[in-house]
file start21.cif (mmCIF, C-alpha atoms)
data_work
#
loop_
_atom_site.label_atom_id
_atom_site.label_comp_id
_atom_site.auth_asym_id
_atom_site.auth_seq_id
_atom_site.Cartn_x
_atom_site.Cartn_y
_atom_site.Cartn_z
CA MET W 1 -3.29 -17.78 2.46
CA HIS W 2 -1.93 -14.87 0.50
CA LYS W 3 -1.65 -11.57 2.31
CA ARG W 4 -3.72 -8.86 0.71
CA ARG W 5 -1.83 -6.07 -0.89
CA GLY W 6 -3.03 -2.56 -1.50
CA THR W 7 -2.00 -0.86 -4.69
CA TRP W 8 -3.04 2.38 -6.27
CA ARG W 9 -2.52 4.18 -9.52
CA ALA W 10 -3.16 7.81 -10.33
CA ALA W 11 -3.93 8.29 -14.01
CA VAL W 12 -3.31 11.84 -15.13
CA GLN W 13 -5.59 12.54 -18.10
CA GLY W 14 -4.65 14.50 -21.17
CA ALA W 15 -0.86 14.66 -20.78
CA LEU W 16 2.11 13.19 -18.96
CA ALA W 17 2.63 15.15 -15.76
CA LEU W 18 6.09 16.61 -15.39
CA LEU W 19 7.72 17.92 -12.24
CA THR W 20 9.07 20.98 -14.01
CA CYS W 21 7.20 24.04 -15.13
CA ALA W 22 7.72 26.78 -17.69
CA VAL W 23 7.15 30.44 -16.90
CA ALA W 24 3.42 31.14 -16.74
CA GLN W 25 1.87 33.09 -19.57
CA ALA W 26 -1.61 34.54 -19.84
CA GLN W 27 -2.49 32.28 -22.77
CA THR W 28 -1.05 29.05 -21.37
CA SER W 29 -2.85 26.11 -22.98
CA ASP W 30 -4.64 23.38 -21.03
CA ALA W 31 -2.01 20.87 -22.16
CA ASP W 32 0.76 23.12 -20.85
CA LEU W 33 -1.04 23.47 -17.52
CA ARG W 34 -1.41 19.70 -17.18
CA ALA W 35 2.29 19.33 -17.92
CA CYS W 36 3.03 21.83 -15.16
CA LEU W 37 0.97 20.01 -12.54
CA LYS W 38 2.96 19.00 -9.44
CA TRP W 39 1.92 16.38 -6.94
CA PRO W 40 3.51 15.03 -3.74
CA PRO W 41 5.39 11.73 -3.39
CA ARG W 42 3.15 8.67 -3.51
CA GLU W 43 4.00 7.58 0.02
CA ARG W 44 2.15 10.61 1.34
CA ILE W 45 -1.17 9.18 0.28
CA GLY W 46 -1.22 7.17 3.50
CA ILE W 47 -2.98 4.06 2.16
CA HIS W 48 -2.11 0.57 3.37
CA ALA W 49 -3.47 -2.94 3.00
CA GLU W 50 -5.32 -2.87 6.32
CA MET W 51 -7.79 -0.40 4.81
CA ALA W 52 -9.12 -3.04 2.44
CA PRO W 53 -12.49 -4.38 3.61
CA GLU W 54 -13.06 -8.12 3.81
CA ARG W 55 -16.35 -7.75 1.96
CA GLY W 56 -18.68 -4.98 0.95
CA PRO W 57 -19.78 -2.82 -1.95
CA ASP W 58 -16.28 -2.04 -3.19
CA LEU W 59 -15.56 -5.74 -3.96
CA GLY W 60 -11.89 -5.25 -3.13
CA VAL W 61 -11.59 -3.14 -6.28
CA GLY W 62 -12.69 0.46 -6.63
CA ASN W 63 -12.05 4.02 -7.73
CA THR W 64 -12.08 7.54 -6.42
CA VAL W 65 -12.51 10.24 -9.06
CA LEU W 66 -11.75 13.81 -8.07
CA GLU W 67 -12.17 17.16 -9.77
CA MET W 68 -9.55 19.66 -8.65
CA ASP W 69 -10.29 23.34 -9.19
CA PHE W 70 -7.15 25.49 -9.21
CA THR W 71 -7.85 29.21 -8.80
CA ALA W 72 -4.42 30.65 -7.98
CA PRO W 73 -0.79 29.61 -8.54
CA GLY W 74 0.84 27.80 -5.65
CA THR W 75 -2.34 27.26 -3.61
CA GLU W 76 -4.23 24.05 -2.88
CA PRO W 77 -7.12 23.18 -5.18
CA GLN W 78 -10.75 22.96 -4.23
CA ILE W 79 -11.73 19.29 -4.30
CA ARG W 80 -14.97 17.73 -5.49
CA VAL W 81 -15.58 13.97 -5.41
CA LEU W 82 -17.16 12.97 -8.74
CA TYR W 83 -17.30 9.26 -7.98
CA ASN W 84 -16.27 6.98 -5.15
CA SER W 85 -16.58 3.22 -4.63
CA VAL W 86 -14.03 2.64 -1.85
CA ASN W 87 -14.42 2.96 1.90
CA ARG W 88 -14.50 6.31 3.68
CA THR W 89 -11.00 5.98 5.15
CA THR W 90 -9.47 5.43 1.72
CA ARG W 91 -11.52 8.22 0.15
CA GLU W 92 -10.46 10.72 2.82
CA ALA W 93 -6.80 9.71 2.39
CA VAL W 94 -7.07 10.37 -1.35
CA VAL W 95 -8.72 13.76 -0.84
CA ASP W 96 -6.03 14.79 1.68
CA TYR W 97 -3.37 13.72 -0.81
CA ALA W 98 -5.00 15.68 -3.65
CA ARG W 99 -5.00 18.86 -1.55
CA GLN W 100 -1.21 18.80 -1.86
CA TYR W 101 -1.34 19.20 -5.66
CA ARG W 102 -0.09 22.54 -6.97
CA LEU W 103 -0.23 24.35 -10.31
CA PRO W 104 2.52 26.98 -10.10
CA CYS W 105 2.25 28.18 -13.70
CA LEU W 106 -1.43 29.12 -13.50
CA ALA W 107 -1.82 32.74 -14.59
CA ASP W 108 -3.40 35.21 -12.17
CA GLY W 109 -7.12 35.57 -12.73
CA ARG W 110 -7.50 32.19 -14.41
CA ASP W 111 -8.90 28.96 -13.02
CA PHE W 112 -8.28 25.42 -14.22
CA LYS W 113 -10.15 22.19 -13.53
CA HIS W 114 -8.33 18.88 -13.54
CA ARG W 115 -9.94 15.44 -13.22
CA GLN W 116 -7.96 12.55 -11.79
CA VAL W 117 -8.84 8.91 -11.27
CA PHE W 118 -7.33 6.86 -8.43
CA ASN W 119 -7.67 3.09 -8.96
CA PHE W 120 -7.43 0.55 -6.12
CA ASN W 121 -7.12 -3.24 -6.10
CA TRP W 122 -6.73 -5.13 -2.84
CA THR W 123 -7.33 -8.55 -4.35
CA GLU W 124 -5.16 -11.26 -5.85
CA ARG W 125 -7.25 -11.20 -9.03
CA ALA W 126 -5.57 -10.17 -12.24
CA GLN W 127 -7.22 -7.28 -14.02
CA PRO W 128 -9.44 -8.45 -16.89
CA GLN W 129 -8.05 -7.75 -20.34
CA PHE W 130 -10.34 -5.39 -22.21
CA LEU W 131 -10.02 -4.41 -25.83
CA ARG W 132 -7.94 -1.27 -26.22
CA SER W 133 -9.24 -0.61 -29.73
CA ALA W 134 -12.63 -1.09 -31.37
CA SER W 135 -14.68 -0.03 -34.34
CA LEU W 136 -17.43 2.49 -33.69
CA GLN W 137 -19.96 -0.24 -34.45
CA SER W 138 -18.45 -2.53 -31.78
CA LEU W 139 -18.38 0.25 -29.21
CA LEU W 140 -22.02 1.14 -29.81
CA ALA W 141 -23.01 -2.54 -29.58
CA ALA W 142 -21.65 -2.57 -26.01
CA MET W 143 -23.95 0.25 -24.87
CA LYS W 144 -27.34 -0.05 -23.21
CA ASN W 145 -30.44 1.99 -24.01
CA LEU W 146 -28.74 3.09 -27.21
CA GLN W 147 -32.02 4.29 -28.68
CA ALA W 148 -32.98 6.35 -25.65
CA ARG W 149 -33.13 9.41 -27.90
CA PRO W 150 -33.17 9.76 -31.69
CA VAL W 151 -29.92 10.82 -33.35
CA ALA W 152 -28.67 11.21 -36.90
CA PHE W 153 -25.02 11.72 -37.82
CA ASP W 154 -23.47 12.10 -41.26
CA LEU W 155 -19.96 10.74 -40.75
CA ASP W 156 -19.02 11.65 -44.32
CA ALA W 157 -19.28 15.32 -43.34
CA MET W 158 -16.91 14.82 -40.41
CA GLY W 159 -13.76 14.06 -42.37
CA CYS W 160 -14.12 10.28 -42.15
CA PRO W 161 -12.48 7.98 -41.46
CA PHE W 162 -10.99 9.22 -38.20
CA ARG W 163 -10.06 8.03 -34.73
CA LEU W 164 -11.22 8.96 -31.25
CA THR W 165 -9.97 8.07 -27.79
CA TRP W 166 -12.90 7.08 -25.57
CA ARG W 167 -12.76 6.62 -21.78
CA LEU W 168 -15.62 5.19 -19.74
CA GLY W 169 -17.12 7.48 -17.11
CA GLN W 170 -20.90 7.07 -17.27
CA PRO W 171 -23.02 6.80 -15.23
CA ALA W 172 -20.66 8.38 -12.67
CA PHE W 173 -19.63 11.29 -14.93
CA ALA W 174 -19.40 12.04 -18.64
CA ASN W 175 -17.27 9.73 -20.77
CA GLU W 176 -14.14 11.44 -22.06
CA VAL W 177 -13.95 11.58 -25.86
CA ILE W 178 -10.89 13.09 -27.54
CA GLU W 179 -10.09 13.42 -31.23
CA GLN W 180 -6.83 11.91 -32.44
CA GLY W 181 -5.00 14.11 -34.90
CA ALA W 182 -6.45 17.29 -36.36
CA ARG W 183 -9.72 18.46 -34.85
CA ASN W 184 -12.88 18.94 -36.86
CA ALA W 185 -15.70 21.07 -35.47
CA ALA W 186 -18.27 19.03 -37.40
CA ARG W 187 -17.59 16.10 -35.06
CA ALA W 188 -18.75 17.96 -31.94
CA PRO W 189 -22.34 16.56 -31.90
CA LEU W 190 -21.05 12.99 -32.27
CA ILE W 191 -18.47 13.51 -29.53
CA GLU W 192 -21.09 14.95 -27.20
CA TRP W 193 -23.37 11.96 -27.81
CA LEU W 194 -20.58 9.44 -27.21
CA GLY W 195 -19.90 11.21 -23.93
CA GLU W 196 -23.46 10.47 -22.76
CA LEU W 197 -23.66 6.75 -23.54
CA VAL W 198 -23.71 4.15 -20.75
CA MET W 199 -21.85 0.89 -21.32
CA ASP W 200 -23.64 -2.35 -20.46
CA VAL W 201 -21.11 -3.85 -18.01
CA LYS W 202 -21.25 -5.54 -14.62
CA ARG W 203 -20.31 -3.57 -11.54
CA LEU W 204 -16.88 -5.17 -11.10
CA ASP W 205 -16.01 -4.72 -14.79
CA PHE W 206 -17.04 -1.07 -14.53
CA GLU W 207 -14.54 -0.56 -11.70
CA TYR W 208 -11.77 -2.14 -13.76
CA LEU W 209 -12.69 -0.39 -17.01
CA LEU W 210 -13.26 3.11 -15.61
CA ASN W 211 -10.89 5.59 -17.31
CA THR W 212 -9.29 2.92 -19.54
CA PRO W 213 -8.57 4.45 -22.98
CA ILE W 214 -10.13 2.76 -26.00
CA THR W 215 -9.12 3.78 -29.52
CA VAL W 216 -12.27 4.00 -31.64
CA ASP W 217 -12.12 3.80 -35.44
CA VAL W 218 -14.93 5.85 -36.97
CA PRO W 219 -15.81 4.86 -40.56
CA CYS W 220 -17.66 6.75 -43.24
CA GLY W 221 -21.42 6.43 -43.53
CA THR W 222 -24.33 7.48 -41.35
CA ILE W 223 -25.74 6.78 -37.90
CA LYS W 224 -29.49 7.04 -37.51
CA LEU W 225 -31.43 5.95 -34.44
CA ASP W 226 -35.12 6.72 -34.04
#
call {"tool": "encode", "arguments": {"input": "start21.cif", "output": "structure tokens"}}
result
Amino acid sequence: MHKRRGTWRAAVQGALALLTCAVAQAQTSDADLRACLKWPPRERIGIHAEMAPERGPDLGVGNTVLEMDFTAPGTEPQIRVLYNSVNRTTREAVVDYARQYRLPCLADGRDFKHRQVFNFNWTERAQPQFLRSASLQSLLAAMKNLQARPVAFDLDAMGCPFRLTWRLGQPAFANEVIEQGARNAARAPLIEWLGELVMDVKRLDFEYLLNTPITVDVPCGTIKLD
């Protein structure tokens, strides 16, 4: 029998996290703040294979999603659990670890919220291979209750064709949708809508797919659901 192994991965969204920081400025951008984020060594997370349950709702695979609210440079963030599908011991270890994050280049009087996903797999199963790119039509075909509310989008008026990066979050929290390349304000309603959609996937696939980036090719034309 194979011995179970516990592994974890912390996916920092929006930018690669560096362990160096520039001098803080009042108008520091969100990307600069993410690049300034410092976290402790991985071994401090205090997670080991014995935490993995033999059976239960987390299926040996799960996620903890945290929102960290930084309100002052050099101080620990306030932590809010947005989603959790692992056991209490693991969740508490992750929260304790996240309290050690610091954002030294945060300007006085400013606050900054950072979302981070911790992925866990205590099984011998290989992670399913999901598509990392899809057309908008293919992405929409994978959603459930797509016609829950009427929408109409003129993609021609949004500078089509263009690309988006889409990350699954619903129904736990809003999907992340980011424009690739130059931004266009006309795309905001479409991006908001894509952030609300719920993908039709099984529970285990949701745990694997959560926070996985998918490049979405948006064509010209129209979307109309009524």
call {"tool": "closest_residue", "arguments": {"input": "start21.cif", "among": "W:His114, W:Arg80, W:Arg167, W:Lys224", "to": "W:Leu194", "atoms": "only C-alpha atoms"}}
result
W:Arg167
call {"tool": "closest_residue", "arguments": {"input": "start21.cif", "among": "W:Phe162, W:Trp39, W:Phe120, W:Phe153", "to": "W:Tyr97", "atoms": "all atoms listed in the file"}}
result
W:Trp39
call {"tool": "residues_around", "arguments": {"input": "start21.cif", "residues": "W:Ala134", "least_positions_apart": "5", "cutoff": "10 Å", "atoms": "only C-alpha atoms", "output": "list in words"}}
result
Leu139, Leu140, Ile214, Thr215, Val216, Asp217 and Val218 of chain W
call {"tool": "resolve_selection", "arguments": {"input": "start21.cif", "expression": "the PyMOL selection byres ((chain W and resi 130) around 12)", "output": "PyMOL selection string"}}
result
chain W and resi 127-129+131-134+201+205-206+208-210+212-215
call {"tool": "axis_aligned_box", "arguments": {"input": "start21.cif", "around": "stretch 69-88 of chain W", "padding_each_side": "8 Å", "output": "AutoDock Vina command-line options"}}
result
--center_x -8.2 --center_y 16.6 --center_z -2.8 --size_x 34.1 --size_y 44.0 --size_z 28.9
call {"tool": "atom_distance", "arguments": {"input": "start21.cif", "atom1": "atom CA of W:Pro77", "atom2": "atom CA of W:Ile191"}}
result
28.6 Å
call {"tool": "residues_around", "arguments": {"input": "start21.cif", "residues": "W:Arg187", "least_positions_apart": "3", "cutoff": "6 Å", "atoms": "all atoms listed in the file", "output": "ChimeraX atom specification"}}
result
/W:158,184,190
call {"tool": "residues_around", "arguments": {"input": "start21.cif", "residues": "W:Ser85", "least_positions_apart": "5", "cutoff": "12 Å", "atoms": "only C-alpha atoms", "output": "ChimeraX atom specification"}}
result
/W:53,56-65,90-91,117-121,172,203-204,206-208,210
call {"tool": "closest_residue", "arguments": {"input": "start21.cif", "among": "W:Val95, W:Leu37, W:Met199, W:Ile223", "to": "W:Lys144", "atoms": "all atoms listed in the file"}}
result
W:Met199
call {"tool": "atom_distance", "arguments": {"input": "start21.cif", "atom1": "atom CA of W:Leu168", "atom2": "atom CA of W:Ser138"}}
result
14.6 Å
call {"tool": "atom_distance", "arguments": {"input": "start21.cif", "atom1": "atom CA of W:Glu176", "atom2": "atom CA of W:Val86"}}
result
22.0 Å
call {"tool": "resolve_selection", "arguments": {"input": "start21.cif", "expression": "the PyMOL selection byres ((chain W and resi 81) around 7)", "output": "list of chain:residue names"}}
result
W:Val65, W:Leu66, W:Glu67, W:Ile79, W:Arg80, W:Leu82, W:Tyr83
call {"tool": "residues_around", "arguments": {"input": "start21.cif", "residues": "W:Pro189", "least_positions_apart": "4", "cutoff": "10 Å", "atoms": "all atoms listed in the file", "output": "number ranges by chain"}}
result
W: 151-153, 185, 193-195
call {"tool": "residues_around", "arguments": {"input": "start21.cif", "residues": "stretch 98-103 of chain W", "least_positions_apart": "6", "cutoff": "7 Å", "atoms": "only C-alpha atoms", "output": "VMD selection string"}}
result
chain W and resid 36 to 40 73 to 77
call {"tool": "resolve_selection", "arguments": {"input": "start21.cif", "expression": "the PyMOL selection byres ((chain W and resi 143) around 7)", "output": "ChimeraX atom specification"}}
result
/W:140-142,144-146,197-200
call {"tool": "closest_residue", "arguments": {"input": "start21.cif", "among": "W:Asn84, W:Thr222, W:Thr123, W:Gln78", "to": "W:Pro161", "atoms": "only C-alpha atoms"}}
result
W:Thr222
